[in-house]
file target31.cif (mmCIF, C-alpha atoms)
data_upload
loop_
_atom_site.label_atom_id
_atom_site.label_comp_id
_atom_site.auth_asym_id
_atom_site.auth_seq_id
_atom_site.Cartn_x
_atom_site.Cartn_y
_atom_site.Cartn_z
CA MET A 1 -2.03 -6.05 -19.32
CA PHE A 2 -0.39 -7.03 -16.01
CA ASP A 3 1.25 -10.36 -15.21
CA VAL A 4 1.49 -10.07 -11.41
CA ALA A 5 -0.62 -8.27 -8.81
CA LEU A 6 1.63 -7.23 -5.91
CA MET A 7 -1.14 -7.21 -3.34
CA ASP A 8 -1.31 -5.83 0.17
CA LEU A 9 -3.06 -7.94 2.81
CA ASP A 10 -4.73 -6.05 5.67
CA GLY A 11 -7.49 -3.89 4.27
CA VAL A 12 -7.41 -5.63 0.87
CA VAL A 13 -7.70 -9.40 1.35
CA ASN A 14 -8.69 -9.34 5.01
CA ARG A 15 -9.66 -6.99 7.82
CA GLY A 16 -8.26 -8.42 11.02
CA GLU A 17 -9.45 -12.00 11.24
CA ARG A 18 -12.18 -11.61 8.63
CA ALA A 19 -11.93 -11.99 4.87
CA VAL A 20 -12.85 -8.99 2.74
CA PRO A 21 -15.93 -9.83 0.61
CA HIS A 22 -15.20 -10.83 -3.00
CA ALA A 23 -11.41 -10.94 -2.49
CA ALA A 24 -10.91 -14.70 -2.73
CA ALA A 25 -13.18 -15.05 -5.77
CA VAL A 26 -11.47 -12.20 -7.63
CA ILE A 27 -7.98 -13.57 -6.94
CA GLU A 28 -9.02 -16.98 -8.24
CA ALA A 29 -10.61 -15.49 -11.36
CA ALA A 30 -7.57 -13.30 -12.02
CA ALA A 31 -5.37 -16.41 -11.91
CA VAL A 32 -7.57 -18.00 -14.58
CA ASP A 33 -7.12 -14.82 -16.63
CA GLY A 34 -3.34 -15.22 -16.34
CA MET A 35 -2.56 -12.76 -13.55
CA ARG A 36 -0.63 -14.19 -10.61
CA THR A 37 -1.02 -12.68 -7.15
CA VAL A 38 1.91 -12.20 -4.79
CA TYR A 39 1.13 -10.93 -1.32
CA VAL A 40 3.37 -8.09 -0.14
CA THR A 41 3.17 -7.15 3.52
CA ASN A 42 4.93 -4.60 5.71
CA ASN A 43 4.23 -6.82 8.70
CA ALA A 44 7.57 -8.45 9.60
CA LEU A 45 6.11 -10.52 12.43
CA ARG A 46 4.86 -13.57 10.52
CA THR A 47 6.88 -15.98 8.41
CA PRO A 48 5.82 -16.56 4.78
CA GLU A 49 4.55 -20.00 5.81
CA THR A 50 2.35 -18.47 8.50
CA VAL A 51 1.04 -15.78 6.14
CA ALA A 52 0.23 -18.38 3.48
CA ALA A 53 -1.65 -20.53 6.01
CA ARG A 54 -3.58 -17.48 7.15
CA LEU A 55 -4.53 -16.67 3.55
CA THR A 56 -5.75 -20.22 3.08
CA GLY A 57 -8.02 -19.64 6.06
CA PHE A 58 -9.52 -16.68 4.20
CA GLY A 59 -10.28 -18.90 1.22
CA VAL A 60 -7.25 -17.81 -0.80
CA ALA A 61 -4.98 -20.54 -2.17
CA ALA A 62 -1.40 -19.46 -1.39
CA GLY A 63 1.96 -20.97 -0.59
CA PRO A 64 5.07 -19.49 1.08
CA THR A 65 6.59 -18.52 -2.27
CA ASP A 66 3.53 -16.34 -2.94
CA VAL A 67 4.39 -14.13 0.05
CA VAL A 68 6.95 -11.32 0.34
CA THR A 69 7.46 -9.68 3.74
CA SER A 70 9.26 -6.57 4.89
CA ALA A 71 11.38 -8.90 7.05
CA GLN A 72 12.72 -10.53 3.88
CA ALA A 73 13.45 -7.15 2.34
CA ALA A 74 15.28 -5.98 5.47
CA ALA A 75 17.30 -9.19 5.73
CA HIS A 76 18.31 -9.00 2.06
CA VAL A 77 19.50 -5.40 2.49
CA LEU A 78 21.56 -6.50 5.52
CA ALA A 79 23.10 -9.41 3.61
CA GLU A 80 24.13 -7.16 0.72
CA ARG A 81 26.29 -5.11 3.10
CA LEU A 82 27.39 -7.49 5.87
CA PRO A 83 29.68 -10.52 5.57
CA ALA A 84 28.20 -14.01 5.88
CA GLY A 85 27.69 -15.01 9.50
CA ALA A 86 27.70 -11.44 10.80
CA LYS A 87 25.81 -10.94 14.04
CA VAL A 88 22.55 -8.99 13.79
CA LEU A 89 20.51 -7.97 16.82
CA VAL A 90 16.89 -8.75 15.97
CA ALA A 91 14.29 -6.56 17.68
CA GLY A 92 11.28 -8.26 16.19
CA GLY A 93 9.28 -11.45 15.89
CA ALA A 94 9.66 -14.88 14.33
CA GLY A 95 9.41 -13.66 10.75
CA LEU A 96 12.39 -11.37 11.19
CA TRP A 97 14.49 -14.00 12.97
CA GLU A 98 13.84 -16.51 10.19
CA ALA A 99 14.56 -14.00 7.41
CA VAL A 100 17.91 -13.03 8.95
CA ARG A 101 18.93 -16.69 9.25
CA ALA A 102 17.81 -17.40 5.67
CA GLU A 103 20.24 -14.74 4.41
CA GLY A 104 23.18 -16.44 6.14
CA LEU A 105 23.44 -14.01 9.06
CA SER A 106 23.53 -14.80 12.79
CA PRO A 107 20.61 -13.34 14.79
CA THR A 108 21.06 -12.38 18.44
CA SER A 109 19.02 -10.59 21.07
CA SER A 110 21.87 -9.11 23.11
CA ALA A 111 23.91 -5.97 22.58
CA ALA A 112 26.68 -7.70 24.56
CA ASP A 113 27.33 -9.84 21.46
CA GLU A 114 28.56 -6.67 19.70
CA PRO A 115 26.30 -7.08 16.65
CA ALA A 116 27.25 -5.41 13.40
CA ALA A 117 23.66 -4.33 12.85
CA VAL A 118 20.28 -3.97 14.49
CA VAL A 119 17.13 -4.86 12.56
CA GLN A 120 13.78 -3.82 13.98
CA GLY A 121 10.34 -5.12 13.03
CA PHE A 122 6.85 -5.26 14.46
CA ASP A 123 6.31 -7.59 17.41
CA PRO A 124 3.25 -7.18 19.68
CA GLU A 125 5.22 -8.91 22.46
CA MET A 126 8.06 -6.40 22.36
CA THR A 127 9.31 -5.43 25.81
CA TYR A 128 11.16 -2.49 27.26
CA ALA A 129 14.16 -4.73 27.98
CA ARG A 130 14.42 -5.83 24.33
CA LEU A 131 14.18 -2.25 23.10
CA VAL A 132 16.98 -1.32 25.51
CA GLU A 133 19.22 -3.93 23.84
CA ALA A 134 18.52 -2.34 20.47
CA VAL A 135 19.26 1.13 21.83
CA LEU A 136 22.55 0.01 23.38
CA ALA A 137 23.69 -1.65 20.16
CA VAL A 138 22.80 1.37 18.00
CA ARG A 139 24.55 3.71 20.41
CA ALA A 140 27.62 1.44 20.22
CA GLY A 141 27.74 1.92 16.45
CA ALA A 142 25.64 -0.90 15.02
CA TRP A 143 24.00 -0.22 11.66
CA TRP A 144 20.26 0.22 12.21
CA VAL A 145 17.70 -1.14 9.76
CA ALA A 146 13.92 -1.02 10.22
CA SER A 147 11.54 -3.26 8.32
CA ASN A 148 8.97 -0.46 8.11
CA THR A 149 7.79 2.64 9.93
CA ASP A 150 4.01 2.23 9.82
CA LEU A 151 2.85 4.11 12.90
CA THR A 152 -0.27 1.98 13.31
CA VAL A 153 -1.56 -1.51 12.57
CA PRO A 154 -5.24 -2.35 12.07
CA THR A 155 -6.90 -4.61 14.62
CA GLU A 156 -10.51 -5.63 15.17
CA ARG A 157 -10.60 -3.15 18.08
CA GLY A 158 -9.18 -0.29 16.02
CA LEU A 159 -5.75 1.08 15.15
CA ALA A 160 -2.93 0.00 17.48
CA PRO A 161 0.74 1.16 17.65
CA GLY A 162 2.80 -0.25 14.79
CA ASN A 163 6.51 -0.68 14.19
CA GLY A 164 6.90 3.03 13.51
CA ALA A 165 5.95 3.75 17.12
CA LEU A 166 8.63 1.31 18.33
CA VAL A 167 11.18 2.78 15.93
CA ALA A 168 10.41 6.21 17.42
CA PHE A 169 11.39 4.83 20.85
CA VAL A 170 14.85 3.83 19.59
CA ARG A 171 15.24 7.02 17.57
CA ALA A 172 14.48 9.18 20.62
CA ALA A 173 17.04 7.32 22.73
CA THR A 174 19.82 7.26 20.11
CA GLU A 175 19.21 10.33 17.91
CA ALA A 176 19.95 7.97 14.99
CA GLU A 177 17.93 7.28 11.86
CA PRO A 178 17.33 3.78 10.50
CA VAL A 179 17.53 2.58 6.93
CA VAL A 180 13.91 1.65 6.19
CA THR A 181 13.21 -1.20 3.77
CA GLY A 182 9.42 -1.74 3.77
CA LYS A 183 6.78 -0.05 1.63
CA PRO A 184 6.99 2.54 0.17
CA GLU A 185 10.78 2.15 -0.05
CA LEU A 186 12.29 0.86 -3.28
CA ALA A 187 14.00 -2.00 -1.42
CA MET A 188 10.62 -3.61 -0.76
CA HIS A 189 9.51 -3.24 -4.37
CA ALA A 190 12.79 -4.67 -5.62
CA GLU A 191 12.42 -7.64 -3.27
CA SER A 192 8.84 -8.21 -4.47
CA VAL A 193 9.85 -8.15 -8.13
CA ARG A 194 12.93 -10.33 -7.49
CA ARG A 195 10.96 -13.01 -5.68
CA SER A 196 7.87 -12.93 -7.93
CA GLY A 197 9.66 -12.62 -11.26
CA ALA A 198 7.14 -9.96 -12.28
CA ARG A 199 7.74 -8.29 -15.63
CA ASN A 200 4.74 -5.97 -15.72
CA PRO A 201 3.25 -5.76 -12.20
CA ILE A 202 0.46 -3.72 -10.69
CA ILE A 203 0.51 -2.75 -7.01
CA VAL A 204 -2.82 -3.24 -5.22
CA GLY A 205 -3.44 -1.71 -1.79
CA ASP A 206 -5.56 0.39 0.54
CA ARG A 207 -2.99 2.87 1.85
CA LEU A 208 -1.86 6.00 0.04
CA ASP A 209 1.34 6.43 2.04
CA THR A 210 2.64 2.89 1.52
CA ASP A 211 1.03 1.03 -1.39
CA ILE A 212 0.31 3.96 -3.70
CA GLU A 213 3.51 5.85 -2.89
CA ALA A 214 5.45 2.65 -3.58
CA GLY A 215 3.97 2.68 -7.06
CA THR A 216 4.91 6.32 -7.57
CA ARG A 217 8.50 5.75 -6.45
CA SER A 218 8.94 2.68 -8.63
CA ALA A 219 6.92 3.95 -11.62
CA THR A 220 4.54 1.00 -11.24
CA PRO A 221 0.76 1.24 -11.93
CA THR A 222 -1.42 1.08 -8.83
CA LEU A 223 -4.96 0.14 -7.85
CA LEU A 224 -6.43 1.69 -4.69
CA VAL A 225 -9.32 -0.14 -3.04
CA PHE A 226 -11.65 1.38 -0.44
CA THR A 227 -11.88 -1.71 1.78
CA GLY A 228 -9.18 -0.52 4.20
CA VAL A 229 -7.93 2.72 5.71
CA THR A 230 -8.36 5.11 2.76
CA GLY A 231 -11.70 6.61 1.75
CA PRO A 232 -12.82 9.01 -1.00
CA ALA A 233 -12.10 12.11 1.12
CA GLU A 234 -8.44 11.15 1.60
CA LEU A 235 -8.09 10.33 -2.10
CA PHE A 236 -9.61 13.65 -3.13
CA ALA A 237 -6.98 15.54 -1.10
CA ALA A 238 -4.05 13.36 -2.18
CA PRO A 239 -0.76 15.00 -3.22
CA PRO A 240 0.77 13.87 -6.53
CA TRP A 241 2.83 11.03 -5.04
CA HIS A 242 -0.27 9.50 -3.41
CA ARG A 243 -2.48 9.39 -6.52
CA PRO A 244 -3.30 5.90 -7.82
CA THR A 245 -3.60 4.84 -11.44
CA PHE A 246 -6.90 3.05 -10.81
CA VAL A 247 -9.58 3.27 -8.09
CA ALA A 248 -12.12 0.65 -7.02
CA ALA A 249 -14.54 0.02 -4.22
CA ASP A 250 -13.04 -3.44 -3.66
CA LEU A 251 -10.90 -6.06 -5.41
CA ARG A 252 -13.50 -6.58 -8.12
CA GLY A 253 -11.92 -3.52 -9.68
CA LEU A 254 -8.90 -5.66 -10.56
CA ARG A 255 -10.97 -7.24 -13.34
CA ARG A 256 -13.21 -4.31 -14.25
CA THR A 257 -12.71 -1.97 -17.18
CA GLN A 258 -12.44 1.62 -15.98
CA PRO A 259 -13.32 4.57 -18.22
CA ALA A 260 -10.53 6.99 -18.89
CA VAL A 261 -10.70 10.40 -17.22
CA GLU A 262 -10.33 13.47 -19.41
CA VAL A 263 -9.48 16.94 -18.09
CA ARG A 264 -9.81 20.05 -20.23
CA ASP A 265 -9.34 23.53 -18.88
CA ASP A 266 -11.91 23.90 -16.07
CA SER A 267 -13.79 20.66 -16.66
CA SER A 268 -13.35 16.91 -16.41
CA ARG A 269 -15.26 13.85 -17.51
CA CYS A 270 -15.31 10.17 -16.56
CA GLY A 271 -17.96 7.87 -17.93
CA ALA A 272 -21.42 9.23 -17.19
CA TRP A 273 -20.25 12.10 -14.96
CA ALA A 274 -18.56 15.44 -15.52
CA CYS A 275 -17.22 18.18 -13.24
CA VAL A 276 -16.65 21.88 -13.76
CA LEU A 277 -14.89 24.61 -11.83
CA ASP A 278 -17.37 27.42 -11.33
CA GLY A 279 -14.92 30.04 -10.14
CA THR A 280 -13.41 28.23 -7.15
CA THR A 281 -16.38 25.88 -6.60
CA LEU A 282 -16.38 22.35 -7.97
CA ARG A 283 -19.73 21.16 -9.33
CA TRP A 284 -20.98 17.89 -10.85
CA HIS A 285 -23.41 17.22 -13.69
CA PRO A 286 -24.31 14.24 -15.89
CA ALA A 287 -21.99 14.06 -18.87
CA ALA A 288 -23.52 14.79 -22.26
CA ASP A 289 -22.72 12.49 -25.14
CA ASP A 290 -20.30 14.95 -26.70
CA GLY A 291 -17.66 12.48 -27.86
CA ARG A 292 -15.33 13.24 -24.96
CA ALA A 293 -15.71 9.96 -23.10
CA GLY A 294 -12.29 8.72 -24.23
CA ARG A 295 -11.08 5.15 -24.28
CA SER A 296 -11.45 2.75 -21.39
CA THR A 297 -8.54 1.50 -19.35
CA ASN A 298 -8.38 -2.00 -17.94
CA THR A 299 -6.45 -3.38 -14.99
CA ASN A 300 -6.86 -6.91 -16.33
CA THR A 301 -4.36 -8.96 -18.30
CA ASN A 302 -7.06 -9.78 -20.85
CA THR A 303 -9.70 -7.29 -21.98
CA ASN A 304 -11.90 -10.11 -23.29
CA THR A 305 -12.49 -11.95 -20.03
CA GLY A 306 -16.10 -10.91 -19.77
CA ALA A 307 -15.38 -9.30 -16.41
CA GLY A 308 -17.35 -6.36 -17.69
CA ALA A 309 -17.36 -2.63 -17.59
CA GLY A 310 -20.41 -0.61 -16.66
CA ASP A 311 -20.73 2.03 -14.00
CA ASP A 312 -19.19 0.91 -10.71
CA GLY A 313 -20.47 4.03 -8.94
CA LEU A 314 -17.09 5.79 -8.83
CA ASP A 315 -17.01 7.72 -12.11
CA ALA A 316 -18.18 10.94 -10.43
CA LEU A 317 -15.42 10.56 -7.83
CA ARG A 318 -12.79 9.92 -10.51
CA ALA A 319 -13.88 13.03 -12.43
CA ALA A 320 -13.84 15.14 -9.25
CA CYS A 321 -10.41 13.92 -8.18
CA ALA A 322 -8.90 14.52 -11.60
CA LEU A 323 -10.18 18.10 -11.75
CA ALA A 324 -9.25 18.90 -8.16
CA TRP A 325 -5.74 17.48 -8.67
CA ALA A 326 -5.26 19.43 -11.88
CA ALA A 327 -6.32 22.63 -10.13
CA ALA A 328 -4.00 21.99 -7.19
CA ASP A 329 -1.07 21.24 -9.49
CA ALA A 330 -1.73 24.52 -11.30
CA GLY A 331 -1.67 26.45 -8.02
CA ARG A 332 -5.40 27.09 -7.97
CA THR A 333 -7.36 26.91 -4.72
CA LEU A 334 -10.74 25.24 -4.31
CA THR A 335 -12.91 27.03 -1.78
CA ALA A 336 -16.14 25.04 -2.01
CA LEU A 337 -17.82 21.91 -3.31
CA ALA A 338 -21.38 21.93 -4.59
CA ASP A 339 -24.00 20.85 -2.06
CA GLU A 340 -25.69 18.62 -4.62
CA ARG A 341 -23.38 15.67 -5.14
CA PRO A 342 -23.67 12.30 -6.85
CA PRO A 343 -23.27 9.02 -4.95
CA GLY A 344 -19.72 8.34 -3.84
CA CYS A 345 -18.89 12.00 -3.35
CA GLU A 346 -20.94 12.80 -0.23
CA ASP A 347 -17.95 12.81 2.15
CA LEU A 348 -15.59 14.91 0.04
CA ARG A 349 -14.14 18.01 1.68
CA VAL A 350 -12.24 21.02 0.36
CA PRO A 351 -8.54 20.08 0.67
CA ARG A 352 -6.63 22.05 3.29
#

call {"tool": "encode", "arguments": {"input": "target31.cif", "output": "structure tokens"}}
result
Amino acid sequence: MFDVALMDLDGVVNRGERAVPHAAAVIEAAAVDGMRTVYVTNNALRTPETVAARLTGFGVAAGPTDVVTSAQAAAHVLAERLPAGAKVLVAGGAGLWEAVRAEGLSPTSSAADEPAAVVQGFDPEMTYARLVEAVLAVRAGAWWVASNTDLTVPTERGLAPGNGALVAFVRAATEAEPVVTGKPELAMHAESVRRSGARNPIIVGDRLDTDIEAGTRSATPTLLVFTGVTGPAELFAAPPWHRPTFVAADLRGLRRTQPAVEVRDDSSRCGAWACVLDGTTLRWHPAADDGRAGRSTNTNTNTNTGAGAGDDGLDALRAACALAWAAADAGRTLTALADERPPGCEDLRVPR
């Protein structure tokens, strides 16, 4: 069905310095099936060469052309507006410097050079003095572009401040707003499609507010995996623009057939599980064989790969999400969830 998986990195392929189980094997098998993988990251710090080498360390065969970064998207947006050779103040790391140069622009670190633009990306070695240069240039009239506004970045010690926190510093000092190019913005998706040559892509990620929203904005199918920051409770409460096309526990879902979800009136069904609205309480029960199972949907390019279907343990969650979303969209309020819940639904909460 899909020719290219536009895949996030942190929380999907790796968690910090550790590979996510099954990721490398699934990516290799998907390639045999005919689905290429291109790695799309909001992290502007690393160059594509560095990202590819890091992926190789996780057991994933990748080259620089298999990587698209928010630094590349930001630099391309700059080059579309600025003349060749224009000075751009770079408040970011090596990946951003290289991307700006690759687009024929002249990077600088000083506001005294009167840059035409400021581009800001994540750099864990960012200093107050470098942020001051960005502030001075923006206040002098430079066009401000940010690679992304993710407030946090995952580390092995927990969530740390991301580029969004550094962007907030410049925003507070200038009262300006940057043009943002990373996920979920359309500029990042356009850059990913342009570089990958994708004709029928699927976006794969772990974050509702970047990966899944990017799919909504670009009308691209999405697969959410639970190996990163998003869990079932967040999915259950998701607004329309954060609802994925497919859901999986991990990347094995990229090759697994998923049963279609059917919603009728106050009930829903997915595979072996069904949900009903009992007044304003959502309840689960095993689905009867009443002919309502519907057709299966497959994230794979080839439905005859032998990757298999079967219950992946998430059908009850899919049924619950579909019914809760339908109720929310109709203006109905859930007040309670049944105490007896199937596996995968233990942590669900009534959306606030």

call {"tool": "closest_residue", "arguments": {"input": "target31.cif", "among": "A:Gly63, A:Pro239, A:Val118, A:Glu156", "to": "Arg18 of chain A", "atoms": "all atoms listed in the file"}}
result
A:Glu156

call {"tool": "resolve_selection", "arguments": {"input": "target31.cif", "expression": "the PyMOL selection byres ((chain A and resi 223) around 10)", "output": "PDB file with C-alpha atoms, in the frame of the given file"}}
result
ATOM      1  CA  ALA A   5      -0.620  -8.270  -8.810  1.00  0.00           C
ATOM      2  CA  MET A   7      -1.140  -7.210  -3.340  1.00  0.00           C
ATOM      3  CA  ILE A 202       0.460  -3.720 -10.690  1.00  0.00           C
ATOM      4  CA  ILE A 203       0.510  -2.750  -7.010  1.00  0.00           C
ATOM      5  CA  VAL A 204      -2.820  -3.240  -5.220  1.00  0.00           C
ATOM      6  CA  GLY A 205      -3.440  -1.710  -1.790  1.00  0.00           C
ATOM      7  CA  ASP A 206      -5.560   0.390   0.540  1.00  0.00           C
ATOM      8  CA  ASP A 211       1.030   1.030  -1.390  1.00  0.00           C
ATOM      9  CA  ILE A 212       0.310   3.960  -3.700  1.00  0.00           C
ATOM     10  CA  GLY A 215       3.970   2.680  -7.060  1.00  0.00           C
ATOM     11  CA  PRO A 221       0.760   1.240 -11.930  1.00  0.00           C
ATOM     12  CA  THR A 222      -1.420   1.080  -8.830  1.00  0.00           C
ATOM     13  CA  LEU A 224      -6.430   1.690  -4.690  1.00  0.00           C
ATOM     14  CA  VAL A 225      -9.320  -0.140  -3.040  1.00  0.00           C
ATOM     15  CA  ARG A 243      -2.480   9.390  -6.520  1.00  0.00           C
ATOM     16  CA  PRO A 244      -3.300   5.900  -7.820  1.00  0.00           C
ATOM     17  CA  THR A 245      -3.600   4.840 -11.440  1.00  0.00           C
ATOM     18  CA  PHE A 246      -6.900   3.050 -10.810  1.00  0.00           C
ATOM     19  CA  VAL A 247      -9.580   3.270  -8.090  1.00  0.00           C
ATOM     20  CA  ALA A 248     -12.120   0.650  -7.020  1.00  0.00           C
ATOM     21  CA  ASP A 250     -13.040  -3.440  -3.660  1.00  0.00           C
ATOM     22  CA  LEU A 251     -10.900  -6.060  -5.410  1.00  0.00           C
ATOM     23  CA  GLY A 253     -11.920  -3.520  -9.680  1.00  0.00           C
ATOM     24  CA  LEU A 254      -8.900  -5.660 -10.560  1.00  0.00           C
ATOM     25  CA  THR A 299      -6.450  -3.380 -14.990  1.00  0.00           C
TER      26      THR A 299
END

call {"tool": "atom_distance", "arguments": {"input": "target31.cif", "atom1": "atom CA of Gly228 of chain A", "atom2": "atom CA of Gly16 of chain A"}}
result
10.5 Å

call {"tool": "resolve_selection", "arguments": {"input": "target31.cif", "expression": "the PyMOL selection byres ((chain A and resi 147-149) around 12)", "output": "ChimeraX atom specification"}}
result
/A:41-45,69-78,90-93,95-96,99-100,118-123,144-146,150-153,161-169,171,177-188,209-210

call {"tool": "closest_residue", "arguments": {"input": "target31.cif", "among": "A:Ala238, A:Ala173, A:Ala84, A:Val60", "to": "Val20 of chain A", "atoms": "all atoms listed in the file"}}
result
A:Val60

call {"tool": "axis_aligned_box", "arguments": {"input": "target31.cif", "around": "segment 125-128 of chain A", "padding_each_side": "4 Å", "output": "lines of an AutoDock Vina configuration file"}}
result
center_x = 8.2
center_y = -5.7
center_z = 24.8
size_x = 13.9
size_y = 14.4
size_z = 12.9

call {"tool": "atom_distance", "arguments": {"input": "target31.cif", "atom1": "atom CA of Glu234 of chain A", "atom2": "atom CA of Asp347 of chain A"}}
result
9.7 Å

call {"tool": "closest_residue", "arguments": {"input": "target31.cif", "among": "A:Pro64, A:Glu98, A:Thr50, A:Leu105", "to": "Gly85 of chain A", "atoms": "all atoms listed in the file"}}
result
A:Leu105

call {"tool": "resolve_selection", "arguments": {"input": "target31.cif", "expression": "the PyMOL selection byres ((chain A and resi 338-341) around 10)", "output": "list in words"}}
result
Asp278, Thr281, Leu282, Arg283, Trp284, His285, Ala316, Leu317, Ala336, Leu337, Pro342, Pro343, Gly344, Cys345, Glu346, Asp347 and Leu348 of chain A
